[in-house]
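Engineer: Just passing along the structure, written as structure tokens.
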Amino acid sequence: MEKRGLRKEMVGKVISDKMDKTVVVEITRKLKHTRYHKYIKKTNKFKAHDAANQCGIGDLVTIVESKPISKDKRWVVKNIEQKAL
């Protein structure tokens, strides 16, 4: 049996859950500027598959890379780290 390659995992915050079985997750990371040595915040938004529609706005979730599910979805919600209040 073949072993799958390592899949990327990221932790981010759900910013939208208006779609059916899909959430938009915002990933924020800090990068050091090569010349000025200041830290810059970079944010990316990823659409992730949430089969059970459990995620809500403000939840902290872990997403995992997967095969393409639709035109924009290439990530799946692995688990909910922290529910929003």
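Naming scheme: A, B, ... for chains in displayed order of the structure tokens; residues 1 onward per chain; ligands 1 onward as shown.
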Show me, as a ChimeraX atom specification, the residues that have an atom within 10 Å of Ile69 of chain A when counting only C-alpha atoms, minus same-chain residues fewer than 6 positions from it.
Structural biologist: /A:48-49,75-76
Engineer: Quick one: write out the picked residues with N, CA and C atoms as a JSON list (two decimals), in the first residue's frame?
Structural biologist:
```
[["chain", "number", "residue", "atom", "x", "y", "z"],
["A", 48, "ALA", "N", -12.31, 26.23, 2.80],
["A", 48, "ALA", "CA", -12.11, 24.88, 3.31],
["A", 48, "ALA", "C", -13.44, 24.15, 3.39],
["A", 49, "HIS", "N", -13.40, 22.84, 3.17],
["A", 49, "HIS", "CA", -14.59, 22.00, 3.20],
["A", 49, "HIS", "C", -14.93, 21.65, 4.65],
["A", 75, "TRP", "N", -8.78, 22.66, 0.56],
["A", 75, "TRP", "CA", -8.48, 22.43, 1.97],
["A", 75, "TRP", "C", -9.69, 21.81, 2.65],
["A", 76, "VAL", "N", -9.44, 21.06, 3.73],
["A", 76, "VAL", "CA", -10.50, 20.41, 4.51],
["A", 76, "VAL", "C", -10.28, 20.77, 5.98]]
```
Engineer: Set the distance at 12 Å and use only C-alpha atoms: which residues neighbour Ala52 of chain A once local chain neighbours fewer than 5 positions away are removed? I'd like the list as a list in words.
Structural biologist: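 The filter keeps Asp17, Asp20, Lys21, Thr22, Val23, Val76, Val77, Lys78, Asn79 and Ile80 of chain A.
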Engineer: May I have all residues of chain A that DSSP, computed from the backbone, assigns to strand (DSSP E or B), given as a count of residues only?
Structural biologist: 44
Engineer: Would you compute the distance between atom CA of Lys67 of chain A and atom CA of Ala84 of chain A? Give it in Å to one decimal.
Structural biologist: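 So the answer is 28.4 Å.
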Engineer: Determine the nearest neighbour of Lys42 of chain A from the options A:Ile27, A:Met19, A:Val64, A:Leu6, counting only C-alpha atoms.
Structural biologist: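 Smallest distance to Lys42 of chain A is found for A:Ile27.
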Engineer: Of the candidates A:Leu31, A:Val24, A:Cys55, A:Ile40, which shows the shortest atom-to-atom distance to Lys73 of chain A, using only C-alpha atoms?
Structural biologist: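 Counting only C-alpha atoms, the residue closest to Lys73 of chain A is A:Val24.
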